[in-house]
$ cat final34.txt   # compact mmCIF, C-alpha atoms and all ligand atoms
# COMPACT_ATOMS: atom_id res chain seq x y z
CA MET T 848 21.70 -7.25 4.98
CA ARG T 849 20.42 -10.80 5.39
CA ARG T 850 17.52 -12.39 3.56
CA LEU T 851 15.38 -15.20 4.97
CA THR T 852 12.82 -17.13 2.93
CA VAL T 853 9.72 -18.40 4.73
CA ALA T 854 7.35 -18.44 1.73
CA GLY T 855 4.84 -21.29 2.00
CA VAL T 856 5.26 -21.76 5.78
CA ARG T 857 2.02 -20.87 7.57
CA LEU T 858 2.04 -22.51 11.02
CA GLU T 859 2.75 -20.06 13.81
CA PRO T 860 5.09 -22.18 16.00
CA GLN T 861 7.23 -23.10 12.99
CA LEU T 862 7.31 -19.48 11.74
CA ARG T 863 8.25 -18.12 15.17
CA GLU T 864 11.16 -20.56 15.36
CA MET T 865 12.37 -19.52 11.87
CA LEU T 866 11.94 -15.79 12.64
CA LYS T 867 13.94 -15.72 15.92
CA GLU T 868 16.92 -13.81 14.51
CA PRO T 869 15.01 -11.04 12.67
CA ALA T 870 12.72 -10.70 15.71
CA GLN T 871 15.75 -10.28 17.96
CA SER T 872 17.13 -7.70 15.52
CA LEU T 873 13.86 -5.73 15.86
CA ARG T 874 14.10 -5.82 19.66
CA ARG T 875 17.65 -4.46 19.45
CA GLY T 876 16.79 -1.52 17.19
CA GLY T 877 17.27 -3.18 13.77
CA LEU T 878 15.22 -2.62 10.60
CA VAL T 879 13.42 -5.67 9.18
CA ALA T 880 11.34 -5.73 5.97
CA PHE T 881 8.47 -8.25 6.11
CA PRO T 882 5.40 -9.24 4.09
CA THR T 883 1.86 -8.24 5.02
CA GLU T 884 -1.35 -9.01 3.13
CA THR T 885 -1.20 -5.51 1.57
CA VAL T 886 2.44 -4.63 0.75
CA TYR T 887 5.86 -5.26 2.34
CA GLY T 888 6.50 -3.17 5.46
CA LEU T 889 9.78 -1.79 6.79
CA GLY T 890 9.59 -2.54 10.51
CA ALA T 891 11.23 -1.11 13.62
CA ASN T 892 10.39 -1.31 17.34
CA ALA T 893 7.66 1.36 17.75
CA LEU T 894 8.79 2.04 21.34
CA ASP T 895 12.42 2.79 20.35
CA GLU T 896 12.91 6.37 19.06
CA GLU T 897 16.36 5.70 17.62
CA ALA T 898 15.14 2.65 15.68
CA VAL T 899 12.12 4.58 14.33
CA ARG T 900 14.36 7.41 13.14
CA ARG T 901 16.38 4.90 11.15
CA ILE T 902 13.23 4.08 9.13
CA PHE T 903 13.01 7.68 7.91
CA ALA T 904 16.71 7.66 6.95
CA ALA T 905 16.57 4.31 5.10
CA LYS T 906 13.49 5.35 3.08
CA GLU T 907 14.54 9.00 2.69
CA ARG T 908 11.09 9.73 4.05
CA PRO T 909 10.01 13.27 5.09
CA ARG T 910 10.04 13.43 8.89
CA ASP T 911 6.48 14.77 9.18
CA ASN T 912 4.90 11.69 7.55
CA PRO T 913 3.48 9.48 10.35
CA LEU T 914 3.94 5.70 10.54
CA ILE T 915 1.42 2.90 11.08
CA VAL T 916 1.96 0.69 14.14
CA HIS T 917 1.40 -3.04 13.60
CA ILE T 918 0.27 -5.40 16.36
CA ALA T 919 -0.07 -9.20 16.49
CA HIS T 920 -2.86 -9.40 19.07
CA GLU T 921 -5.28 -7.06 20.85
CA GLU T 922 -3.34 -7.00 24.14
CA GLN T 923 -0.58 -5.10 22.34
CA LEU T 924 -2.95 -2.13 21.96
CA ARG T 925 -2.02 -1.34 25.57
CA ASP T 926 1.49 -0.24 24.52
CA VAL T 927 0.23 1.81 21.57
CA ILE T 928 -2.87 3.84 22.45
CA ASP T 929 -3.78 6.16 25.32
CA GLU T 930 -5.72 3.92 27.67
CA ALA T 931 -6.90 6.87 29.78
CA GLN T 932 -9.26 7.81 26.91
CA PRO T 933 -12.32 5.60 26.32
CA LEU T 934 -12.10 3.71 23.05
CA ASP T 935 -14.67 4.82 20.45
CA ALA T 936 -17.44 2.17 20.28
CA ASP T 937 -17.27 2.18 16.46
CA ALA T 938 -13.51 1.60 16.61
CA VAL T 939 -14.17 -1.52 18.68
CA ARG T 940 -16.83 -2.69 16.18
CA LEU T 941 -14.42 -2.15 13.29
CA MET T 942 -11.59 -4.04 15.03
CA ARG T 943 -13.93 -6.97 15.71
CA ALA T 944 -15.10 -7.00 12.08
CA PHE T 945 -11.87 -6.36 10.15
CA TRP T 946 -8.85 -7.24 12.31
CA PRO T 947 -6.68 -8.95 11.36
CA GLY T 948 -6.96 -7.19 8.00
CA PRO T 949 -6.16 -4.15 5.84
CA LEU T 950 -7.81 -1.48 8.02
CA THR T 951 -5.75 1.19 9.83
CA LEU T 952 -7.61 3.03 12.60
CA LEU T 953 -6.42 6.42 13.86
CA LEU T 954 -6.58 6.30 17.67
CA PRO T 955 -5.27 8.48 20.55
CA ALA T 956 -1.53 7.80 20.81
CA GLY T 957 -0.04 6.32 23.98
CA ALA T 958 2.89 7.92 25.82
CA ALA T 959 5.15 4.87 25.40
CA LEU T 960 5.38 5.28 21.62
CA ALA T 961 8.49 6.74 20.04
CA PRO T 962 7.55 10.38 19.24
CA SER T 963 8.66 10.08 15.60
CA VAL T 964 5.92 7.48 14.95
CA HIS T 965 3.27 10.24 14.99
CA PRO T 966 5.15 13.55 14.58
CA GLY T 967 2.96 16.44 15.69
CA GLN T 968 -0.17 14.24 15.60
CA PRO T 969 -2.28 13.34 18.67
CA LEU T 970 -3.49 10.20 16.86
CA VAL T 971 -1.57 7.11 15.81
CA GLY T 972 -2.45 4.72 12.98
CA VAL T 973 -2.81 1.11 14.20
CA ARG T 974 -3.52 -2.13 12.40
CA MET T 975 -3.29 -5.90 12.86
CA PRO T 976 -2.06 -7.39 9.58
CA ASP T 977 -3.69 -10.53 8.17
CA HIS T 978 -0.51 -12.34 7.21
CA PRO T 979 0.92 -15.28 9.17
CA VAL T 980 4.53 -14.12 8.67
CA ALA T 981 3.84 -10.56 9.83
CA ARG T 982 1.94 -11.76 12.90
CA ALA T 983 4.54 -14.38 13.87
CA LEU T 984 7.35 -11.83 13.51
CA ILE T 985 5.57 -9.19 15.62
CA ALA T 986 4.58 -11.77 18.28
CA GLU T 987 8.12 -13.13 18.44
CA ALA T 988 9.58 -9.60 18.68
CA GLY T 989 7.19 -8.96 21.60
CA VAL T 990 6.90 -5.23 20.81
CA PRO T 991 4.57 -3.25 18.52
CA ILE T 992 6.19 -2.64 15.14
CA ALA T 993 6.12 0.71 13.32
CA ALA T 994 6.18 -0.01 9.59
CA PRO T 995 5.66 2.13 6.52
CA SER T 996 5.73 0.47 3.11
CA ALA T 997 9.26 -0.86 2.39
CA ASN T 998 10.01 1.33 -0.65
CA ARG T 999 12.21 4.39 -1.08
CA SER T 1000 9.96 7.38 -0.51
CA GLY T 1001 7.91 8.28 -3.62
CA ARG T 1002 8.36 4.91 -5.40
CA PRO T 1003 5.63 2.30 -5.82
CA SER T 1004 5.24 0.15 -2.70
CA PRO T 1005 6.94 -3.26 -2.92
CA THR T 1006 4.79 -6.39 -3.15
CA THR T 1007 7.70 -8.86 -3.48
CA ALA T 1008 10.96 -9.32 -1.56
CA ASP T 1009 12.95 -8.60 -4.76
CA ASP T 1010 11.25 -5.20 -5.07
CA VAL T 1011 12.18 -4.44 -1.42
CA GLU T 1012 15.77 -5.43 -2.13
CA ALA T 1013 15.91 -3.16 -5.22
CA ASP T 1014 15.07 -0.13 -3.04
CA LEU T 1015 16.62 -0.89 0.37
CA ALA T 1016 19.57 -3.32 -0.03
CA GLY T 1017 22.43 -2.26 2.25
CA ARG T 1018 20.21 0.07 4.31
CA ILE T 1019 18.42 -2.47 6.52
CA GLU T 1020 19.31 -5.56 8.59
CA TRP T 1021 16.88 -8.17 7.22
CA ILE T 1022 14.42 -8.95 4.46
CA VAL T 1023 11.94 -11.70 5.30
CA ASP T 1024 10.68 -13.16 2.01
CA GLY T 1025 7.14 -14.50 2.39
CA GLY T 1026 6.21 -14.45 -1.31
CA ALA T 1027 3.98 -11.98 -3.14
CA CYS T 1028 1.44 -9.91 -1.16
CA PRO T 1029 -2.14 -11.05 -1.86
CA VAL T 1030 -3.96 -7.67 -1.72
CA GLY T 1031 -1.26 -5.55 -3.38
CA VAL T 1032 -2.39 -2.05 -2.30
CA GLU T 1033 -2.00 -0.50 1.15
CA SER T 1034 -4.53 -0.60 3.97
CA THR T 1035 -7.56 1.67 4.30
CA VAL T 1036 -6.75 4.57 6.67
CA LEU T 1037 -9.86 5.61 8.61
CA LEU T 1038 -10.43 8.64 10.84
CA LEU T 1039 -13.44 8.54 13.19
CA GLU T 1040 -14.91 12.04 13.46
CA PRO T 1041 -17.82 12.96 15.79
CA ASP T 1042 -20.51 12.63 13.08
CA SER T 1043 -18.80 10.63 10.36
CA ALA T 1044 -16.00 8.29 9.46
CA ARG T 1045 -13.55 9.62 6.88
CA ILE T 1046 -11.47 7.40 4.60
CA LEU T 1047 -8.13 9.23 4.31
CA ARG T 1048 -6.72 6.49 2.08
CA PRO T 1049 -8.95 3.88 0.37
CA GLY T 1050 -7.64 0.31 0.63
CA GLY T 1051 -8.48 -3.34 1.06
CA VAL T 1052 -11.41 -2.71 3.46
CA THR T 1053 -13.91 -0.86 1.28
CA GLN T 1054 -16.38 1.95 2.02
CA GLU T 1055 -19.28 -0.54 1.72
CA MET T 1056 -17.62 -2.92 4.19
CA ILE T 1057 -17.10 -0.15 6.76
CA ALA T 1058 -20.64 1.20 6.30
CA SER T 1059 -22.06 -2.27 6.97
CA VAL T 1060 -20.58 -2.25 10.50
CA ILE T 1061 -21.08 1.32 11.81
CA ASP T 1062 -23.96 3.81 11.71
CA ARG T 1063 -21.99 7.00 10.99
CA PRO T 1064 -21.84 8.01 7.32
CA VAL T 1065 -18.59 6.85 5.69
CA LEU T 1066 -17.03 9.58 3.53
CA TYR T 1067 -13.89 9.92 1.44
CA ALA T 1068 -11.32 12.63 2.07
CA ALA T 1069 -11.53 15.34 -0.60
CA ASP T 1070 -8.20 14.40 -2.17
CA ALA T 1071 -8.90 10.66 -2.65
CA PHE T 1072 -9.65 10.89 -6.39
CA ASP T 1073 -8.48 14.38 -7.23
CA ALA T 1074 -4.74 14.91 -7.66
CA ALA T 1075 -5.27 18.70 -7.50
CA ALA T 1076 -7.21 18.80 -4.20
CA ALA T 1077 -5.46 19.83 -0.98
CA PRO T 1078 -4.10 16.76 0.83
CA VAL T 1079 -5.93 15.71 3.99
CA ALA T 1080 -3.62 13.15 5.65
CA PRO T 1081 -0.10 14.31 6.45
CA GLY T 1082 2.14 12.54 4.01
CA MET T 1083 -0.41 12.39 1.23
CA LYS T 1084 1.00 15.70 -0.07
CA TYR T 1085 4.14 13.93 -1.30
CA ARG T 1086 4.65 12.34 -4.69
CA HIS T 1087 3.46 8.75 -4.35
CA TYR T 1088 3.40 5.38 -6.01
CA ALA T 1089 5.11 6.78 -9.09
CA PRO T 1090 7.35 4.85 -11.50
CA ASN T 1091 9.78 6.67 -13.82
CA ALA T 1092 7.46 6.19 -16.79
CA ARG T 1093 4.45 8.47 -17.30
CA VAL T 1094 1.20 6.71 -16.37
CA HIS T 1095 -2.04 7.31 -18.33
CA VAL T 1096 -5.38 5.85 -17.27
CA TRP T 1097 -8.66 5.48 -19.12
CA TRP T 1098 -11.82 3.93 -17.69
CA GLY T 1099 -15.44 3.61 -18.77
CA ASP T 1100 -16.69 1.90 -21.93
CA PRO T 1101 -14.19 -0.71 -23.24
CA ALA T 1102 -14.72 0.25 -26.91
CA ALA T 1103 -14.08 3.90 -26.07
CA ILE T 1104 -11.00 2.97 -24.04
CA ASP T 1105 -9.68 0.98 -27.02
CA GLU T 1106 -10.22 3.95 -29.30
CA ALA T 1107 -8.62 6.45 -26.90
CA MET T 1108 -5.58 4.25 -26.34
CA ARG T 1109 -5.06 3.73 -30.08
CA ALA T 1110 -5.32 7.46 -30.72
CA PHE T 1111 -2.76 8.04 -28.01
CA LEU T 1112 -0.36 5.43 -29.40
CA LEU T 1113 -0.66 6.95 -32.88
CA GLU T 1114 0.91 10.13 -31.54
CA GLU T 1115 4.04 8.02 -30.98
CA VAL T 1116 6.22 10.88 -29.82
CA GLN T 1117 5.84 12.14 -26.25
CA ASP T 1118 7.67 15.26 -25.12
CA GLY T 1119 9.97 15.06 -28.16
CA GLU T 1120 11.21 11.53 -27.30
CA PRO T 1121 10.11 8.36 -29.11
CA MET T 1122 7.48 6.63 -27.00
CA VAL T 1123 8.09 3.13 -25.55
CA PRO T 1124 4.58 2.13 -24.49
CA ALA T 1125 3.42 -0.52 -22.01
CA LEU T 1126 -0.11 -1.72 -21.34
CA ILE T 1127 -2.08 -3.09 -18.37
CA ALA T 1128 -5.61 -4.29 -19.25
CA PRO T 1129 -8.06 -7.21 -18.87
CA ASP T 1130 -7.13 -10.28 -20.94
CA ASP T 1131 -10.25 -10.11 -23.15
CA PHE T 1132 -9.51 -6.43 -23.89
CA VAL T 1133 -5.88 -7.20 -24.80
CA ARG T 1134 -7.00 -9.98 -27.19
CA ARG T 1135 -9.21 -7.54 -29.09
CA PHE T 1136 -6.90 -4.52 -28.80
CA GLY T 1137 -5.96 -3.17 -32.21
CA TRP T 1138 -2.28 -2.57 -31.42
CA ALA T 1139 0.60 -5.01 -30.90
CA LEU T 1140 2.94 -4.30 -27.99
CA SER T 1141 6.11 -6.11 -26.92
CA GLU T 1142 5.34 -9.04 -24.61
CA HIS T 1143 7.63 -7.59 -21.91
CA ARG T 1144 5.55 -4.46 -21.83
CA GLN T 1145 2.09 -5.95 -21.76
CA ALA T 1146 0.07 -7.38 -18.86
CA ALA T 1147 -3.21 -9.15 -19.64
CA LEU T 1148 -4.93 -9.72 -16.28
CA PRO T 1149 -7.93 -12.05 -15.79
CA ALA T 1150 -11.06 -10.07 -16.71
CA SER T 1151 -13.24 -12.07 -14.28
CA ALA T 1152 -11.79 -10.27 -11.20
CA TYR T 1153 -9.98 -7.38 -12.88
CA ALA T 1154 -10.11 -4.82 -10.03
CA GLU T 1155 -8.61 -7.36 -7.56
CA GLU T 1156 -5.98 -8.48 -10.10
CA LEU T 1157 -5.06 -4.89 -10.91
CA ALA T 1158 -4.63 -4.15 -7.19
CA ARG T 1159 -2.51 -7.27 -6.69
CA HIS T 1160 -0.15 -6.67 -9.65
CA LEU T 1161 -0.11 -2.89 -10.22
CA TYR T 1162 3.02 -1.92 -8.24
CA ARG T 1163 5.04 -4.94 -9.40
CA LEU T 1164 4.14 -4.19 -13.05
CA LEU T 1165 4.98 -0.48 -12.78
CA ARG T 1166 8.43 -1.45 -11.49
CA ALA T 1167 8.92 -4.17 -14.16
CA PHE T 1168 7.93 -1.78 -16.97
CA ASP T 1169 10.50 0.74 -15.73
CA ARG T 1170 13.17 -1.96 -15.99
CA ALA T 1171 11.91 -2.79 -19.51
CA GLY T 1172 12.50 0.83 -20.56
CA ALA T 1173 8.85 1.92 -20.92
CA THR T 1174 8.33 5.69 -21.22
CA ASP T 1175 4.52 5.55 -21.01
CA VAL T 1176 2.28 3.03 -19.23
CA LEU T 1177 -1.32 2.86 -20.51
CA VAL T 1178 -3.69 1.46 -17.90
CA HIS T 1179 -7.25 0.22 -18.38
CA GLY T 1180 -8.82 1.59 -15.18
CA VAL T 1181 -11.85 0.46 -13.18
CA ASP T 1182 -14.96 2.08 -11.69
CA PRO T 1183 -13.88 3.78 -8.44
CA ALA T 1184 -17.43 3.50 -7.06
CA HIS T 1185 -17.20 -0.25 -6.44
CA GLY T 1186 -15.19 -2.41 -4.06
CA LEU T 1187 -11.41 -2.36 -4.49
CA GLY T 1188 -11.87 0.00 -7.46
CA ALA T 1189 -11.64 2.95 -5.05
CA ALA T 1190 -8.21 1.89 -3.76
CA VAL T 1191 -6.80 1.11 -7.21
CA MET T 1192 -8.07 4.31 -8.84
CA ASN T 1193 -6.79 6.39 -5.89
CA ARG T 1194 -3.26 4.97 -6.41
CA LEU T 1195 -3.55 5.44 -10.18
CA HIS T 1196 -4.59 9.08 -9.72
CA LYS T 1197 -1.40 9.67 -7.74
CA ALA T 1198 0.87 7.61 -10.00
CA ALA T 1199 -0.58 9.33 -13.09
CA SER T 1200 -0.47 12.85 -11.55
CA GLY T 1201 -4.09 13.32 -12.62
CA ARG T 1202 -3.79 11.82 -16.15
CA VAL T 1203 -6.99 9.78 -15.58
CA ARG T 1204 -9.84 10.10 -18.06
CA TRP T 1205 -13.34 8.66 -18.16
CA VAL T 1206 -14.47 7.73 -21.69
CA GLY T 1207 -17.90 6.49 -22.66
O1 LIG F 1 -0.98 -1.52 4.22
C1 LIG F 1 -0.33 -0.67 4.81
O2 LIG F 1 -0.88 0.25 5.48
C2 LIG F 1 1.20 -0.73 4.73
C3 LIG F 1 1.65 -2.02 5.39
C4 LIG F 1 3.14 -2.12 5.54
O3 LIG F 1 1.01 -2.17 6.62
N1 LIG F 1 1.79 0.43 5.32
C5 LIG F 1 1.76 1.65 4.74
O4 LIG F 1 2.41 2.65 5.46
O5 LIG F 1 1.25 1.86 3.68
P1 LIG F 1 2.82 4.06 4.83
O6 LIG F 1 3.65 4.72 5.85
O7 LIG F 1 3.44 3.85 3.51
O8 LIG F 1 1.49 4.87 4.71
C6 LIG F 1 0.84 5.31 5.89
C7 LIG F 1 -0.04 6.51 5.62
C8 LIG F 1 0.72 7.82 5.77
O9 LIG F 1 1.22 8.31 4.55
C9 LIG F 1 -0.31 8.77 6.34
O10 LIG F 1 -0.93 9.48 5.29
C10 LIG F 1 -1.34 7.87 7.00
O11 LIG F 1 -1.06 6.54 6.63
N2 LIG F 1 -1.21 8.02 8.46
C11 LIG F 1 -0.45 7.27 9.31
N3 LIG F 1 -0.54 7.74 10.57
C12 LIG F 1 -1.38 8.78 10.53
C13 LIG F 1 -1.86 9.71 11.51
N4 LIG F 1 -1.48 9.62 12.79
N5 LIG F 1 -2.70 10.67 11.09
C14 LIG F 1 -3.07 10.76 9.80
N6 LIG F 1 -2.64 9.92 8.82
C15 LIG F 1 -1.81 8.97 9.18
MG MG F 2 4.05 4.18 1.62
$ encode --input "final34.txt" --output "structure tokens"
Amino acid sequence: MRRLTVAGVRLEPQLREMLKEPAQSLRRGGLVAFPTETVYGLGANALDEEAVRRIFAAKERPRDNPLIVHIAHEEQLRDVIDEAQPLDADAVRLMRAFWPGPLTLLLPAGAALAPSVHPGQPLVGVRMPDHPVARALIAEAGVPIAAPSANRSGRPSPTTADDVEADLAGRIEWIVDGGACPVGVESTVLLLEPDSARILRPGGVTQEMIASVIDRPVLYAADAFDAAAAPVAPGMKYRHYAPNARVHVWWGDPAAIDEAMRAFLLEEVQDGEPMVPALIAPDDFVRRFGWALSEHRQAALPASAYAEELARHLYRLLRAFDRAGATDVLVHGVDPAHGLGAAVMNRLHKAASGRVRWVG
């Protein structure tokens, strides 16, 4: 496996020159991990069935879990979707408003796609990432790129090249290191139904943002905030985003969260083993918090934009706390009814297997 650093380079001609070798690898059936604005993706040529199958092997991903196809420009849609079917007018509005960006649209799949990209599904997920490295790589490869998150199946998605390497070293041809991903949680996956638009996975483009562009009501899939509900999207039935440590989330009134966390820490023993706790919370909360934790197991994120900061750092912190030997990660949650809160709380519900409590 080779690793190429392009962090800090933003100009397309320069990036395309630097990315020639990984792009050629993609064209020849290789696997290349690359940064997007959401998380790192594990890319393969979406038109090459053998290459796409290698993604499932490298990630140990269940074969029925469909992949998102990434494009660099609108003309590439031609290779991805079924052009015989008229494009939904709201899909066009959403592309105009949010591409490039963290919105995946489910559209009728074209015949040229490798079948394993959308196993048993008439629709394919498509998005145009808002990251100069991702776009330069896809443009230079000259083919649409199928890319799930670049983690081993079930683990938190990687938001740094080091976290990709920890999961996939020796299994893929290239890692392109473009620095840390700015959004930190995966794209919104949206299904356009006849009378509504359904968010199968909340992400960087929020319900409010979608509702501002289209007239259909924008709903969440039933399983978005309920770990016990039946999964809607194929693939969402699998264990997701989970570190080795147990994750516990409280949200609501800060004083009540403080009290609940202290009561929890007082128990000290979890499942018969001594607890090694870690904490993720806003910096002002951590300053007041009546419990001292080891510095390696404590993240105080800026309170002024806490939901965005939590999204950006969550996966990296969950991985770092595992390495620091944490058995239990206590997370100060956010209101899922606002902005990025929906995406963060959805991932926390899955990582915490339902151990999410509102306190007020
Ligand atoms: O931000 C992202 O979307 C990242 C970056 C790399 O672009 N990719 C990503 O891919 O998160 P992945 O494979 O980890 O998650 C894609 C999810 C699948 O688990 C599935 O639930 C849903 O999107 N999905 C994809 N294609 C679908 C389809 N045809 N029908 C229904 N759901 C689909
Ligand atoms: Mg994933």
$ closest_residue --input "final34.txt" --among "T:Lys867, T:Lys906, T:His965, T:Arg1170" --to "ligand MG 2 (chain F)" --atoms "all atoms listed in the file"
T:Lys906
$ residues_near_ligand --input "final34.txt" --ligand "ligand LIG 1 (chain F)" --cutoff "8 Å" --atoms "only C-alpha atoms and all ligand atoms" --output "PyMOL selection string"
chain T and resi 882-889+912-915+917+949-951+953-954+964-966+968-974+976+994-997+1004+1032-1036+1038+1047-1048+1050+1080-1083
$ closest_residue --input "final34.txt" --among "T:Ala944, T:Ala938, T:Ala1089, T:Ala1058" --to "ligand MG 2 (chain F)" --atoms "all atoms listed in the file"
T:Ala1089
$ atom_distance --input "final34.txt" --atom1 "CA of Ala1154 (chain T)" --atom2 "CA of Gly1188 (chain T)"
5.7 Å
$ atom_distance --input "final34.txt" --atom1 "CA of Gly1137 (chain T)" --atom2 "CA of Glu1106 (chain T)"
8.8 Å
$ residues_around --input "final34.txt" --residues "Ala1027 (chain T)" --least-positions-apart "5" --cutoff "8 Å" --atoms "only C-alpha atoms" --output "tab-separated table (two decimals) with C-alpha atoms, in the coordinates of the input"
chain	number	residue	atom	x	y	z
T	882	PRO	CA	5.40	-9.24	4.09
T	1006	THR	CA	4.79	-6.39	-3.15
T	1007	THR	CA	7.70	-8.86	-3.48
T	1008	ALA	CA	10.96	-9.32	-1.56
$ closest_residue --input "final34.txt" --among "T:Arg1109, T:His920, T:Arg908, T:Arg863" --to "ligand MG 2 (chain F)" --atoms "only C-alpha atoms and all ligand atoms"
T:Arg908
$ closest_residue --input "final34.txt" --among "T:Leu1165, T:Ala880, T:Ile928, T:Ala936" --to "Asp1062 (chain T)" --atoms "only C-alpha atoms"
T:Ala936
$ build_atoms --input "final34.txt" --residues "region 929-940 of chain T" --atoms "N, CA, C and O atoms" --output "PDB file, in the frame of the given file"
ATOM      1  N   ASP T 929      -3.614   5.515  24.020  1.00  0.00           N
ATOM      2  CA  ASP T 929      -3.780   6.160  25.320  1.00  0.00           C
ATOM      3  C   ASP T 929      -4.968   5.510  26.023  1.00  0.00           C
ATOM      4  O   ASP T 929      -6.122   5.772  25.672  1.00  0.00           O
ATOM      5  N   GLU T 930      -4.664   4.680  27.009  1.00  0.00           N
ATOM      6  CA  GLU T 930      -5.720   3.920  27.670  1.00  0.00           C
ATOM      7  C   GLU T 930      -6.586   4.759  28.591  1.00  0.00           C
ATOM      8  O   GLU T 930      -7.652   4.323  29.012  1.00  0.00           O
ATOM      9  N   ALA T 931      -6.110   5.985  28.910  1.00  0.00           N
ATOM     10  CA  ALA T 931      -6.900   6.870  29.780  1.00  0.00           C
ATOM     11  C   ALA T 931      -8.141   7.360  29.033  1.00  0.00           C
ATOM     12  O   ALA T 931      -9.130   7.760  29.652  1.00  0.00           O
ATOM     13  N   GLN T 932      -8.101   7.351  27.695  1.00  0.00           N
ATOM     14  CA  GLN T 932      -9.260   7.810  26.910  1.00  0.00           C
ATOM     15  C   GLN T 932     -10.116   6.611  26.535  1.00  0.00           C
ATOM     16  O   GLN T 932      -9.591   5.600  26.085  1.00  0.00           O
ATOM     17  N   PRO T 933     -11.460   6.737  26.698  1.00  0.00           N
ATOM     18  CA  PRO T 933     -12.320   5.600  26.320  1.00  0.00           C
ATOM     19  C   PRO T 933     -12.229   5.352  24.814  1.00  0.00           C
ATOM     20  O   PRO T 933     -12.208   6.289  24.021  1.00  0.00           O
ATOM     21  N   LEU T 934     -12.189   4.082  24.456  1.00  0.00           N
ATOM     22  CA  LEU T 934     -12.100   3.710  23.050  1.00  0.00           C
ATOM     23  C   LEU T 934     -13.459   3.929  22.383  1.00  0.00           C
ATOM     24  O   LEU T 934     -14.491   3.518  22.921  1.00  0.00           O
ATOM     25  N   ASP T 935     -13.459   4.596  21.239  1.00  0.00           N
ATOM     26  CA  ASP T 935     -14.670   4.820  20.450  1.00  0.00           C
ATOM     27  C   ASP T 935     -15.378   3.490  20.185  1.00  0.00           C
ATOM     28  O   ASP T 935     -14.739   2.530  19.759  1.00  0.00           O
ATOM     29  N   ALA T 936     -16.704   3.436  20.440  1.00  0.00           N
ATOM     30  CA  ALA T 936     -17.440   2.170  20.280  1.00  0.00           C
ATOM     31  C   ALA T 936     -17.377   1.670  18.836  1.00  0.00           C
ATOM     32  O   ALA T 936     -17.314   0.466  18.587  1.00  0.00           O
ATOM     33  N   ASP T 937     -17.377   2.603  17.857  1.00  0.00           N
ATOM     34  CA  ASP T 937     -17.270   2.180  16.460  1.00  0.00           C
ATOM     35  C   ASP T 937     -15.879   1.617  16.152  1.00  0.00           C
ATOM     36  O   ASP T 937     -15.742   0.715  15.321  1.00  0.00           O
ATOM     37  N   ALA T 938     -14.860   2.145  16.817  1.00  0.00           N
ATOM     38  CA  ALA T 938     -13.510   1.600  16.610  1.00  0.00           C
ATOM     39  C   ALA T 938     -13.472   0.142  17.044  1.00  0.00           C
ATOM     40  O   ALA T 938     -12.920  -0.719  16.356  1.00  0.00           O
ATOM     41  N   VAL T 939     -14.133  -0.139  18.187  1.00  0.00           N
ATOM     42  CA  VAL T 939     -14.170  -1.520  18.680  1.00  0.00           C
ATOM     43  C   VAL T 939     -14.927  -2.414  17.682  1.00  0.00           C
ATOM     44  O   VAL T 939     -14.473  -3.512  17.347  1.00  0.00           O
ATOM     45  N   ARG T 940     -16.067  -1.922  17.181  1.00  0.00           N
ATOM     46  CA  ARG T 940     -16.830  -2.690  16.180  1.00  0.00           C
ATOM     47  C   ARG T 940     -15.978  -2.988  14.947  1.00  0.00           C
ATOM     48  O   ARG T 940     -16.001  -4.088  14.400  1.00  0.00           O
TER      49      ARG T 940
END
